[in-house]
Structures are given as C-alpha cells and as structure tokens.
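Structure first, then comments.
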Amino acid sequence: MTAALAHYLDVATRFQAAPEQASAPQWLKRLRADALSHFERQGLPTTRDEAWKYSRLGSIAEGTFLPRTEAPRDTAHLSAVVERLGLPGPRLVFVDGRLAPELSSVAGLPRGLTLKPLRDAVREDGELLESLLGQRALAKEHAFTALNAALLEEGALLRLAPGALSEVPVQLVFLTRGDAPVLSSPRILVVAEESSEATLVETYASAGPAGSAATFTNAVTEVTLGDNASLHHYKVQVEADAALHLGALHARQGRDSRFASHAFAFGGAMARNEVHAAFAGEGGDATLNGLYVGQGAQHLDNRTALDHAVPRCTSRELYKGVLDGQSRGTFHGLIRVRQDAQRTDSRQQNRNLLLSESAQADAKPQLEIFADDVKCAHGAAVGRLDAQALFYLRSRGVPQAEAERLLTYAFAREVVEAVPAGPVRANIEALLALKLPGAAQREVTA
C-alpha cells in the first residue's frame with residue numbers, strides 16, 4: 001500500500017468513525033462503507049492506467065489534504081467574491097467544502113423547484129436519496145468517485161417537480177480560501193421529473209491571495225432526467241494556480257429529454273473534468289461543449305463518454321483548447337452506439353490551438369458502433385494561428401500581437417457563443433476576458 005493511499009484511507013476511516021456521524025441513517029453508513037472498500041481495492045490510479053495516462057496526479061498523491069471539520073466562520077469578507085462570481089437568483093455557497101449559510105439564499109426559487117443542502121436532504125428526503133445517490137456515479141468503477149462517496153456529507157439536492165419551469169439559473173458556488181491544504185468532496189444530486197426544465201451553474205473558485213496553499217477538490221454530480229425534462233448545466237472552474245481539481249458529472253436521460261453540458265476550465269495547476277451521459281429513453285438529445293484555456297504549467301484534462309443505448313437519440317459535442325506557455329491539454333471523448341440503438345445521430349469535434357512551442361495537446365476521439373443504421377462522425381485537430389488570417393489583419397494595420405490576440409479570442413469564443421445569451425454567458429465572457437491576454441480582454445469588455 002502506498003503512503004498516499006494509506007493517507008486517504010485514514011482520512012475516510014476517521015471521518016466515518018467520528019462521533020457526529022453516529023446519527024447518520026443506516027443506508028448512508030452502508031453507502032460510505034461500501035465506497036471505502038471500493039477505494040481501498042482500486043487504489044489511486046497512475047499513468048499506467050489507460051484512463052489516467054495523461055493525468056498528472058503526483059500532487060494529489062504527495063499531498064496531505066484534509067477535509068474541514070467545522071463550518072466556516074466569519075465569511076462576510078467573502079460576500080464580494082460571491083457577488084463577483086455569482087448571478088442573480090437562488091444559490092448555495094460552500095467554503096472549503098462546508099456550507100456557508102450566511103452567503104447562501106434560496107429566495108426567488110421558482111415554484112416546483114427544491115434546492116437544499118445535502119445534509120438537510122438526508123434528513124428530509126432520505127428515501128429519494130437512498131434510491132439515487134451512487135446510482136449514476138458508481139464507486140466500484142472510479143477510485144475518486146469512491147473517495148467522494150466515502151466522505152459523503154456536504155453538497156446539494158436540486159429537485160424539479162413535474163412540469164416545473166425555472167427561467168432563473170440556480171447556482172452552486174464552491175470557494176476555497178487556500179489557508180491550508182483542504183480536501184473538499186461535494187456531491188450534487190439533480191432530479192428533474194417529467195417535463196421540467198431548469199438551468200444549473202456550478203462555479204469553483206479560489207478566494208485566497210496569490211500564492212495560497214494547494215487545495216484539492218473532488219466533486220461528483222449525478223443527474224437524473226425524466227421523460228421530456230430539460231437541464232442546462234454549466235461548470236465554471238477558475239480556481240487558483242496551485243489548486244487541484246477532479247470533477248465528474250454523470251447524467252441519465254429519459255425519453256425525449258434534453259441535456260446540455262457546458263464546461264469551462266480556466267484555473268488550477270491540474271484540473272480534470274469528466275462528463276458521462278447515458279440515454280435510457282428514445283428521442284433524447286445531449287449537447288456536450290467545453291473550453292479549456294491553459295497558461296504557464298497548467299495541466300487540463302477532459303474526458304467525455306456518451307452512451308447511445310436506445311434508438312433515435314442525438315448528440316453533439318464540441319471541445320476546444322487554447323494552450324500557452326508550457327501548459328498541456330488533453331481530450332478523450334468516447335461515443336458508444338449499442339446494437340439496438342438504430343437511427344443514432346452523433347457528432348464529436350475537438351480542436352486545439354497552441355500559442356507556444358512548449359504547449360502540448362493530446363486528442364483521442366473514439367467511436368464504438370455496434371448498430372448499422374446510424375449517422376456518426378468525429379474528428380480532432382491541433383494547430384497554430386492561421387497564417388493567412390494573421391497576414392490579412394497585419395495588412396490592414398493591426399499590430400502583430402494585437403492580431404494574434406484577436407484570433408485567439410475568436411477561436412475561444414465559439415464555445416462561449418453556444419451558451420444562450422443572458423447573464424450566464426455574460427459571466428463566462430467576463431471570466432474568459434481575465435484569462436486571455438491584453439487585446440482580447442479589451443475586446444470582451446468593450
């Protein structure tokens with residue numbers, strides 16, 4: 001057993017044996033204990049594992065990250081950070097993995113929507129949680145999902161009643177202060193019943209000063225969409241330079257349901273984002289979009305899986321990377337079309353823009369097709385700025401650096417424009433402006 005595995009096993013064992021966990025319901029204790037067993041059996045993945053071949057997990061393995069044991073105190077000074085990152089509407093805010101009630105508010109929550117901390121949901125919606133927690137994100141298949149479940153306590157439940165409609169985005173904001181090597185393990189459960197529709201925004205950010213300690217966020221989101229339900233999901237990751245982030249989203253779609261995932265990775269020393277969507281009913285539609293922008297020595301991993309298990313479903317996927325300095329971005333996208341999934345229509349694209357000689361991009365689009373009446377396509381590209389476009393701008397008096405920045409911004413903006421116009425897009429554009437250099441910033445904010 002490695003020292004790293006021993007450390008995380010000890011953390012989870014101590015958590016489960018803590019006196020305050022004695023009152024937890026039996027089903028939750030079993031879920032945690034089973035997850036701990038799966039984690040011990042699997043161990044921490046390494047680059048020898050194909051699914052983790054390009055992921056740099058050394059900092060996670062070498063770190064001594066610990067969960068906060070108490071709710072945050074004196075968080076008033078963080079309100080400005082929340083306001084800058086957040087949007088109008090109901091939200092729950094977590095600081096170092098713990099709920100911050102004074103920064104949270106569910107005022108204005110539309111009728112038919114329930115948003116509550118996971119702690120409350122365990123007491124009040126135990127039967128629902130017992131039937132769904134861990135059913136989409138399987139601890140037996142993923143070591144870090146198992147670790148998240150072994151430490152399962154904080155997070156949120158978003159539930160949409162049949163026919164409920166929300167035009168206001170629901171927000172979950174996760175802040176880290178960077179004053180200690182903290183381990184955060186949020187679990188988000190989304191249940192959208194028949195013909196309901198909502199928008200959920202998950203934001204992960206750092207609130208500490210530059211040079212803060214490394215933190216480790218290990219987040220899992222499970223989504224269940226009923227027939228004809230619709231969910232627009234946004235994940236925005238803008239954590240500090242030293243932050244480590246692992247995130248996994250698992251969605252199950254009912255008949256004629258619509259799921260759109262938009263993932264934006266701008267921060268962190270190492271960040272890995274996984275999206276898994278499975279069609280369980282005919283006529284479903286899934287859109288998976290992502291933008292990752294790396295600088296310095298950042299390492300940004302993206303892994304997607306679309307499971308077309310039933311006929312007549314449609315999926316569209318576009319991931320783009322902008323990589324500068326010595327950063328590295330990876331994309332591994334799998335589309336699986338099962339034997340009975342006739343009339344599947346699926347397209348996948350990954351494009352990467354390298355802005356320096358030292359930047360790297362790895363792309364692995366993958367199709368597994370076992371049906372014969374399908375329309376499927378995939379592709380990947382890695383390149384540099386278009387020389388002809390640069391020449392065109394230069395010939396019209398645009399300075400070299402300005403021309404390069406404008407073309408970089410135009411490349412990245414394609415994914416942002418896939419977000420419907422409104423406050424969510426405006427917020428993402430503002431965050432992108434802070435990531436891209438000079439002229440692109442002025443263009444975004446103009």
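Convention: chains lettered A, B, ... in structure tokens order; per-chain residue numbering from 1; ligands numbered from 1 as shown.
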
Within 7 Å of range 259-276 of chain A, counting only C-alpha atoms, which residues show up once you throw out same-chain ones fewer than 5 positions away? Write them as a short mmCIF file (atom, residue, chain, number, x, y, z; two decimals) with N, CA and C atoms, in the first residue's frame, please.
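Saved to selection06.cif:
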```cif
data_model
loop_
_atom_site.label_atom_id
_atom_site.label_comp_id
_atom_site.auth_asym_id
_atom_site.auth_seq_id
_atom_site.Cartn_x
_atom_site.Cartn_y
_atom_site.Cartn_z
N SER A 230 -35.63 18.82 -19.20
CA SER A 230 -34.53 19.56 -19.83
C SER A 230 -33.66 20.19 -18.76
N LEU A 231 -32.36 20.02 -18.90
CA LEU A 231 -31.42 20.64 -17.96
C LEU A 231 -30.25 21.24 -18.74
N HIS A 232 -29.99 22.52 -18.48
CA HIS A 232 -28.78 23.18 -18.97
C HIS A 232 -27.81 23.25 -17.80
N HIS A 233 -26.68 22.58 -17.94
CA HIS A 233 -25.71 22.52 -16.84
C HIS A 233 -24.43 23.24 -17.25
N TYR A 234 -23.98 24.13 -16.38
CA TYR A 234 -22.75 24.87 -16.62
C TYR A 234 -21.78 24.62 -15.47
N LYS A 235 -20.55 24.31 -15.84
CA LYS A 235 -19.50 24.18 -14.83
C LYS A 235 -18.38 25.15 -15.18
N VAL A 236 -18.08 26.04 -14.24
CA VAL A 236 -17.05 27.05 -14.45
C VAL A 236 -15.99 26.86 -13.38
N GLN A 237 -14.77 26.53 -13.80
CA GLN A 237 -13.68 26.26 -12.87
C GLN A 237 -12.60 27.31 -13.06
N VAL A 238 -12.46 28.18 -12.03
CA VAL A 238 -11.49 29.28 -12.09
C VAL A 238 -10.67 29.31 -10.80
N GLU A 239 -10.26 28.15 -10.34
CA GLU A 239 -9.53 28.07 -9.08
C GLU A 239 -8.10 28.59 -9.23
N ALA A 240 -7.41 28.75 -8.09
CA ALA A 240 -6.09 29.37 -8.05
C ALA A 240 -5.03 28.50 -8.72
N ASP A 241 -3.86 29.11 -8.90
CA ASP A 241 -2.79 28.45 -9.65
C ASP A 241 -2.35 27.14 -9.02
N ALA A 242 -2.43 27.03 -7.69
CA ALA A 242 -1.96 25.82 -7.01
C ALA A 242 -3.05 24.78 -6.81
N ALA A 243 -4.27 25.09 -7.18
CA ALA A 243 -5.41 24.21 -6.90
C ALA A 243 -5.36 22.95 -7.75
N LEU A 244 -5.89 21.87 -7.17
CA LEU A 244 -6.05 20.60 -7.86
C LEU A 244 -7.54 20.28 -7.90
N HIS A 245 -8.03 19.90 -9.06
CA HIS A 245 -9.48 19.73 -9.21
C HIS A 245 -9.78 18.47 -10.02
N LEU A 246 -10.64 17.63 -9.46
CA LEU A 246 -11.20 16.49 -10.18
C LEU A 246 -12.72 16.62 -10.12
N GLY A 247 -13.37 16.55 -11.26
CA GLY A 247 -14.82 16.66 -11.29
C GLY A 247 -15.41 15.64 -12.23
N ALA A 248 -16.52 15.04 -11.83
CA ALA A 248 -17.20 14.06 -12.67
C ALA A 248 -18.69 14.31 -12.65
N LEU A 249 -19.30 14.35 -13.82
CA LEU A 249 -20.75 14.51 -13.95
C LEU A 249 -21.30 13.29 -14.66
N HIS A 250 -22.35 12.71 -14.08
CA HIS A 250 -22.99 11.52 -14.66
C HIS A 250 -24.47 11.82 -14.84
N ALA A 251 -24.96 11.71 -16.07
CA ALA A 251 -26.36 12.02 -16.37
C ALA A 251 -27.05 10.82 -17.01
N ASP A 285 -31.73 14.02 -26.43
CA ASP A 285 -30.79 14.91 -27.09
C ASP A 285 -29.75 15.36 -26.06
N ALA A 286 -28.48 15.25 -26.41
CA ALA A 286 -27.40 15.66 -25.50
C ALA A 286 -26.42 16.55 -26.23
N THR A 287 -26.02 17.62 -25.57
CA THR A 287 -25.00 18.54 -26.09
C THR A 287 -23.90 18.64 -25.05
N LEU A 288 -22.68 18.32 -25.45
CA LEU A 288 -21.53 18.44 -24.56
C LEU A 288 -20.54 19.41 -25.18
N ASN A 289 -20.35 20.55 -24.54
CA ASN A 289 -19.41 21.55 -25.01
C ASN A 289 -18.39 21.85 -23.92
N GLY A 290 -17.17 22.18 -24.31
CA GLY A 290 -16.16 22.51 -23.33
C GLY A 290 -15.10 23.44 -23.89
N LEU A 291 -14.56 24.27 -23.01
CA LEU A 291 -13.46 25.17 -23.37
C LEU A 291 -12.45 25.12 -22.24
N TYR A 292 -11.21 24.81 -22.56
CA TYR A 292 -10.14 24.80 -21.57
C TYR A 292 -9.01 25.72 -22.06
N VAL A 293 -8.58 26.62 -21.17
CA VAL A 293 -7.58 27.63 -21.51
C VAL A 293 -6.43 27.51 -20.52
N GLY A 294 -5.26 27.11 -21.01
CA GLY A 294 -4.13 26.87 -20.14
C GLY A 294 -2.98 27.83 -20.37
N GLN A 298 0.05 24.75 -16.44
CA GLN A 298 -1.24 24.12 -16.17
C GLN A 298 -1.41 22.82 -16.93
N HIS A 299 -2.16 21.90 -16.33
CA HIS A 299 -2.49 20.63 -16.98
C HIS A 299 -4.01 20.47 -16.89
N LEU A 300 -4.68 20.46 -18.03
CA LEU A 300 -6.14 20.44 -18.09
C LEU A 300 -6.59 19.22 -18.87
N ASP A 301 -7.27 18.29 -18.19
CA ASP A 301 -7.75 17.06 -18.80
C ASP A 301 -9.26 17.12 -18.99
N ASN A 302 -9.73 16.54 -20.08
CA ASN A 302 -11.16 16.46 -20.37
C ASN A 302 -11.47 15.06 -20.88
N ARG A 303 -12.50 14.47 -20.29
CA ARG A 303 -12.87 13.10 -20.67
C ARG A 303 -14.39 13.03 -20.75
N THR A 304 -14.91 12.61 -21.89
CA THR A 304 -16.36 12.52 -22.06
C THR A 304 -16.73 11.12 -22.55
N ALA A 305 -17.96 10.74 -22.22
CA ALA A 305 -18.48 9.44 -22.67
C ALA A 305 -19.97 9.59 -22.92
N LEU A 306 -20.40 9.27 -24.12
CA LEU A 306 -21.81 9.29 -24.49
C LEU A 306 -22.25 7.86 -24.80
N LYS A 435 -8.73 35.60 -18.49
CA LYS A 435 -7.79 34.53 -18.82
C LYS A 435 -6.98 34.85 -20.07
#
```

Name all residues at most 10 Å from Leu138 in chain A (count only C-alpha atoms; drop same-chain ones fewer than 3 positions away) and give them as a short mmCIF file (atom, residue, chain, number, x, y, z; two decimals) with N, CA and C atoms, in the first residue's frame.
```
data_model
loop_
_atom_site.label_atom_id
_atom_site.label_comp_id
_atom_site.auth_asym_id
_atom_site.auth_seq_id
_atom_site.Cartn_x
_atom_site.Cartn_y
_atom_site.Cartn_z
N ALA A 35 -18.21 2.31 -0.33
CA ALA A 35 -17.34 3.15 -1.16
C ALA A 35 -15.89 3.08 -0.66
N HIS A 38 -14.40 -0.08 -1.92
CA HIS A 38 -14.06 0.03 -3.35
C HIS A 38 -12.79 0.86 -3.54
N LEU A 133 -28.59 8.22 -4.85
CA LEU A 133 -27.18 8.52 -4.61
C LEU A 133 -26.30 7.31 -4.95
N GLY A 134 -25.31 7.55 -5.77
CA GLY A 134 -24.40 6.48 -6.15
C GLY A 134 -24.90 5.57 -7.24
N GLN A 135 -26.07 5.87 -7.82
CA GLN A 135 -26.63 5.02 -8.88
C GLN A 135 -26.15 5.44 -10.26
N GLU A 141 -16.44 1.72 -10.03
CA GLU A 141 -15.80 1.92 -11.33
C GLU A 141 -14.78 3.06 -11.34
N HIS A 142 -14.69 3.83 -10.27
CA HIS A 142 -13.86 5.03 -10.31
C HIS A 142 -13.34 5.31 -8.91
N ALA A 143 -12.01 5.33 -8.76
CA ALA A 143 -11.42 5.48 -7.43
C ALA A 143 -11.80 6.79 -6.77
N THR A 145 -14.40 8.71 -7.42
CA THR A 145 -15.83 8.69 -7.10
C THR A 145 -16.04 7.93 -5.80
N ALA A 146 -15.30 6.84 -5.62
CA ALA A 146 -15.39 6.07 -4.38
C ALA A 146 -14.93 6.91 -3.20
N ALA A 149 -17.63 9.35 -2.28
CA ALA A 149 -18.75 8.71 -1.59
C ALA A 149 -18.37 8.30 -0.17
N HIS A 250 -22.35 12.71 -14.08
CA HIS A 250 -22.99 11.52 -14.66
C HIS A 250 -24.47 11.82 -14.84
#
```

TODO: Fewer than 5 positions away in the same chain doesn't count, so skip those; otherwise give me all residues within 7 Å of range 159-176 of chain A, counting only C-alpha atoms, as JSON, numbers by chain.
DONE: {"A": [89, 90, 91, 92, 93, 94, 95, 96, 97, 110, 111, 112, 113, 114, 115, 190, 191, 192, 193, 194, 195, 196, 197, 198, 199, 200, 201, 202, 203, 204, 205, 206, 207]}

Could you please take those selected residues and save N, CA and C atoms as a short mmCIF file (atom, residue, chain, number, x, y, z; two decimals), in the first residue's frame?
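Writing the result to out.cif gives the following:
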```
data_model
loop_
_atom_site.label_atom_id
_atom_site.label_comp_id
_atom_site.auth_asym_id
_atom_site.auth_seq_id
_atom_site.Cartn_x
_atom_site.Cartn_y
_atom_site.Cartn_z
N GLY A 89 -30.27 35.38 -8.51
CA GLY A 89 -31.06 34.17 -8.32
C GLY A 89 -30.63 33.37 -7.12
N PRO A 90 -31.33 32.28 -6.86
CA PRO A 90 -31.05 31.45 -5.67
C PRO A 90 -29.71 30.75 -5.78
N ARG A 91 -29.06 30.57 -4.63
CA ARG A 91 -27.76 29.92 -4.64
C ARG A 91 -27.43 29.35 -3.27
N LEU A 92 -26.60 28.31 -3.30
CA LEU A 92 -25.96 27.78 -2.12
C LEU A 92 -24.46 28.00 -2.29
N VAL A 93 -23.81 28.47 -1.22
CA VAL A 93 -22.37 28.75 -1.27
C VAL A 93 -21.66 27.87 -0.26
N PHE A 94 -20.57 27.28 -0.68
CA PHE A 94 -19.76 26.42 0.17
C PHE A 94 -18.35 26.99 0.23
N VAL A 95 -17.76 27.00 1.42
CA VAL A 95 -16.40 27.50 1.61
C VAL A 95 -15.56 26.35 2.16
N ASP A 96 -14.52 26.00 1.44
CA ASP A 96 -13.66 24.87 1.81
C ASP A 96 -14.49 23.60 2.04
N GLY A 97 -15.50 23.42 1.19
CA GLY A 97 -16.29 22.20 1.22
C GLY A 97 -17.42 22.19 2.22
N PRO A 110 -38.02 29.40 -8.07
CA PRO A 110 -39.31 29.24 -8.75
C PRO A 110 -40.14 28.11 -8.15
N ARG A 111 -41.42 28.22 -8.33
CA ARG A 111 -42.35 27.22 -7.84
C ARG A 111 -42.06 25.87 -8.49
N GLY A 112 -42.07 24.83 -7.69
CA GLY A 112 -41.82 23.49 -8.19
C GLY A 112 -40.37 23.06 -8.09
N LEU A 113 -39.47 23.98 -7.71
CA LEU A 113 -38.06 23.65 -7.54
C LEU A 113 -37.71 23.58 -6.06
N THR A 114 -36.92 22.61 -5.71
CA THR A 114 -36.40 22.47 -4.35
C THR A 114 -34.88 22.49 -4.41
N LEU A 115 -34.27 23.38 -3.66
CA LEU A 115 -32.81 23.45 -3.56
C LEU A 115 -32.46 23.44 -2.08
N VAL A 190 -29.14 15.97 -8.84
CA VAL A 190 -30.17 16.69 -9.59
C VAL A 190 -31.22 15.69 -10.05
N VAL A 191 -32.47 15.96 -9.71
CA VAL A 191 -33.58 15.11 -10.12
C VAL A 191 -34.61 15.99 -10.82
N ALA A 192 -34.71 15.83 -12.14
CA ALA A 192 -35.65 16.62 -12.93
C ALA A 192 -36.77 15.69 -13.40
N GLU A 193 -37.94 15.88 -12.85
CA GLU A 193 -39.05 14.99 -13.18
C GLU A 193 -39.70 15.38 -14.51
N GLU A 194 -40.68 14.65 -14.91
CA GLU A 194 -41.26 14.75 -16.25
C GLU A 194 -41.60 16.18 -16.65
N SER A 195 -41.16 16.58 -17.86
CA SER A 195 -41.50 17.86 -18.49
C SER A 195 -41.04 19.08 -17.69
N SER A 196 -40.03 18.92 -16.85
CA SER A 196 -39.49 20.06 -16.10
C SER A 196 -38.28 20.62 -16.84
N GLU A 197 -37.88 21.84 -16.45
CA GLU A 197 -36.76 22.49 -17.13
C GLU A 197 -36.08 23.47 -16.18
N ALA A 198 -34.75 23.46 -16.19
CA ALA A 198 -34.01 24.37 -15.31
C ALA A 198 -32.59 24.53 -15.83
N THR A 199 -31.91 25.53 -15.26
CA THR A 199 -30.50 25.80 -15.54
C THR A 199 -29.74 25.75 -14.22
N LEU A 200 -28.65 25.00 -14.20
CA LEU A 200 -27.82 24.88 -13.00
C LEU A 200 -26.40 25.32 -13.35
N VAL A 201 -25.83 26.18 -12.50
CA VAL A 201 -24.47 26.68 -12.69
C VAL A 201 -23.63 26.27 -11.49
N GLU A 202 -22.60 25.47 -11.74
CA GLU A 202 -21.63 25.13 -10.70
C GLU A 202 -20.37 25.97 -10.94
N THR A 203 -19.95 26.72 -9.92
CA THR A 203 -18.76 27.55 -10.04
C THR A 203 -17.77 27.14 -8.95
N TYR A 204 -16.54 26.90 -9.36
CA TYR A 204 -15.46 26.54 -8.44
C TYR A 204 -14.39 27.61 -8.55
N ALA A 205 -14.10 28.28 -7.44
CA ALA A 205 -13.18 29.40 -7.47
C ALA A 205 -12.40 29.49 -6.17
N SER A 206 -11.31 30.24 -6.20
CA SER A 206 -10.48 30.45 -5.02
C SER A 206 -10.67 31.88 -4.53
N ALA A 207 -10.69 32.01 -3.21
CA ALA A 207 -10.90 33.33 -2.60
C ALA A 207 -9.69 33.80 -1.82
#
```

Open item on the list: Among range 38-250 of chain A, which residues does DSSP mark as helix (DSSP H, G or I) when it is run on the backbone? Keep the chain and numbering as in the structure and answer as a PyMOL selection string.
Closed with: chain A and resi 38-42+50-52+58-62+76-85+101-103+118-124+126-132+139-141+143-150

Go ahead and save the picked residues with C-alpha atoms, as a PDB file, in the first residue's frame.
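As written to disk, again21.pdb reads:
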```
ATOM      1  CA  HIS A  38     -14.057   0.031  -3.350  1.00  0.00           C
ATOM      2  CA  PHE A  39     -11.491   2.799  -2.907  1.00  0.00           C
ATOM      3  CA  GLU A  40      -9.137   0.541  -0.958  1.00  0.00           C
ATOM      4  CA  ARG A  41      -9.477  -2.190  -3.571  1.00  0.00           C
ATOM      5  CA  GLN A  42      -8.852   0.126  -6.530  1.00  0.00           C
ATOM      6  CA  GLU A  50      -5.133   3.901 -19.693  1.00  0.00           C
ATOM      7  CA  ALA A  51      -7.898   6.204 -18.445  1.00  0.00           C
ATOM      8  CA  TRP A  52      -5.319   8.228 -16.493  1.00  0.00           C
ATOM      9  CA  GLY A  58       1.587  13.464  -8.382  1.00  0.00           C
ATOM     10  CA  SER A  59       0.468  16.489  -6.367  1.00  0.00           C
ATOM     11  CA  ILE A  60      -2.655  14.662  -5.197  1.00  0.00           C
ATOM     12  CA  ALA A  61      -0.649  11.578  -4.256  1.00  0.00           C
ATOM     13  CA  GLU A  62       2.041  13.571  -2.476  1.00  0.00           C
ATOM     14  CA  ALA A  76     -18.687  38.144   5.485  1.00  0.00           C
ATOM     15  CA  HIS A  77     -15.500  39.237   3.746  1.00  0.00           C
ATOM     16  CA  LEU A  78     -16.202  36.625   1.042  1.00  0.00           C
ATOM     17  CA  SER A  79     -19.515  38.180   0.024  1.00  0.00           C
ATOM     18  CA  ALA A  80     -17.774  40.421  -2.527  1.00  0.00           C
ATOM     19  CA  VAL A  81     -16.147  37.364  -4.099  1.00  0.00           C
ATOM     20  CA  VAL A  82     -19.504  35.617  -4.320  1.00  0.00           C
ATOM     21  CA  GLU A  83     -21.158  38.646  -5.866  1.00  0.00           C
ATOM     22  CA  ARG A  84     -18.410  38.960  -8.451  1.00  0.00           C
ATOM     23  CA  LEU A  85     -18.656  35.300  -9.414  1.00  0.00           C
ATOM     24  CA  PRO A 101     -25.463  29.751   5.247  1.00  0.00           C
ATOM     25  CA  GLU A 102     -24.836  33.498   5.536  1.00  0.00           C
ATOM     26  CA  LEU A 103     -23.640  33.590   1.905  1.00  0.00           C
ATOM     27  CA  LEU A 118     -27.375  17.633   1.150  1.00  0.00           C
ATOM     28  CA  ARG A 119     -27.262  17.437   4.947  1.00  0.00           C
ATOM     29  CA  ASP A 120     -30.881  18.592   5.119  1.00  0.00           C
ATOM     30  CA  ALA A 121     -31.903  16.351   2.246  1.00  0.00           C
ATOM     31  CA  VAL A 122     -30.536  13.282   4.064  1.00  0.00           C
ATOM     32  CA  ARG A 123     -32.941  14.012   6.931  1.00  0.00           C
ATOM     33  CA  GLU A 124     -35.926  15.173   4.903  1.00  0.00           C
ATOM     34  CA  GLY A 126     -33.946  10.052   2.777  1.00  0.00           C
ATOM     35  CA  GLU A 127     -35.975   7.678   0.634  1.00  0.00           C
ATOM     36  CA  LEU A 128     -35.197   9.641  -2.554  1.00  0.00           C
ATOM     37  CA  LEU A 129     -31.507   9.930  -1.762  1.00  0.00           C
ATOM     38  CA  GLU A 130     -31.197   6.278  -0.845  1.00  0.00           C
ATOM     39  CA  SER A 131     -32.646   5.307  -4.231  1.00  0.00           C
ATOM     40  CA  LEU A 132     -30.465   7.654  -6.321  1.00  0.00           C
ATOM     41  CA  ALA A 139     -17.944   3.890  -6.739  1.00  0.00           C
ATOM     42  CA  LYS A 140     -16.905   0.460  -7.992  1.00  0.00           C
ATOM     43  CA  GLU A 141     -15.795   1.924 -11.332  1.00  0.00           C
ATOM     44  CA  ALA A 143     -11.416   5.477  -7.430  1.00  0.00           C
ATOM     45  CA  PHE A 144     -12.062   9.163  -6.880  1.00  0.00           C
ATOM     46  CA  THR A 145     -15.826   8.693  -7.095  1.00  0.00           C
ATOM     47  CA  ALA A 146     -15.390   6.071  -4.381  1.00  0.00           C
ATOM     48  CA  LEU A 147     -13.360   8.509  -2.271  1.00  0.00           C
ATOM     49  CA  ASN A 148     -16.054  11.162  -2.714  1.00  0.00           C
ATOM     50  CA  ALA A 149     -18.750   8.709  -1.589  1.00  0.00           C
ATOM     51  CA  ALA A 150     -16.673   7.531   1.370  1.00  0.00           C
TER      52      ALA A 150
END
```

- [ ] Quote the spacing between CA of Ala377 in chain A and CA of Arg347 in chain A in Å to one decimal place.
- [x]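 Spanning CA of Ala377 in chain A to CA of Arg347 in chain A is a straight-line distance of 4.8 Å.
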
- [ ] Report the distance between CA of Ser212 in chain A and CA of Gly155 in chain A in Å, rounded to one decimal place.
- [x]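 Atom-to-atom, CA of Ser212 in chain A and CA of Gly155 in chain A are spaced 24.0 Å apart.
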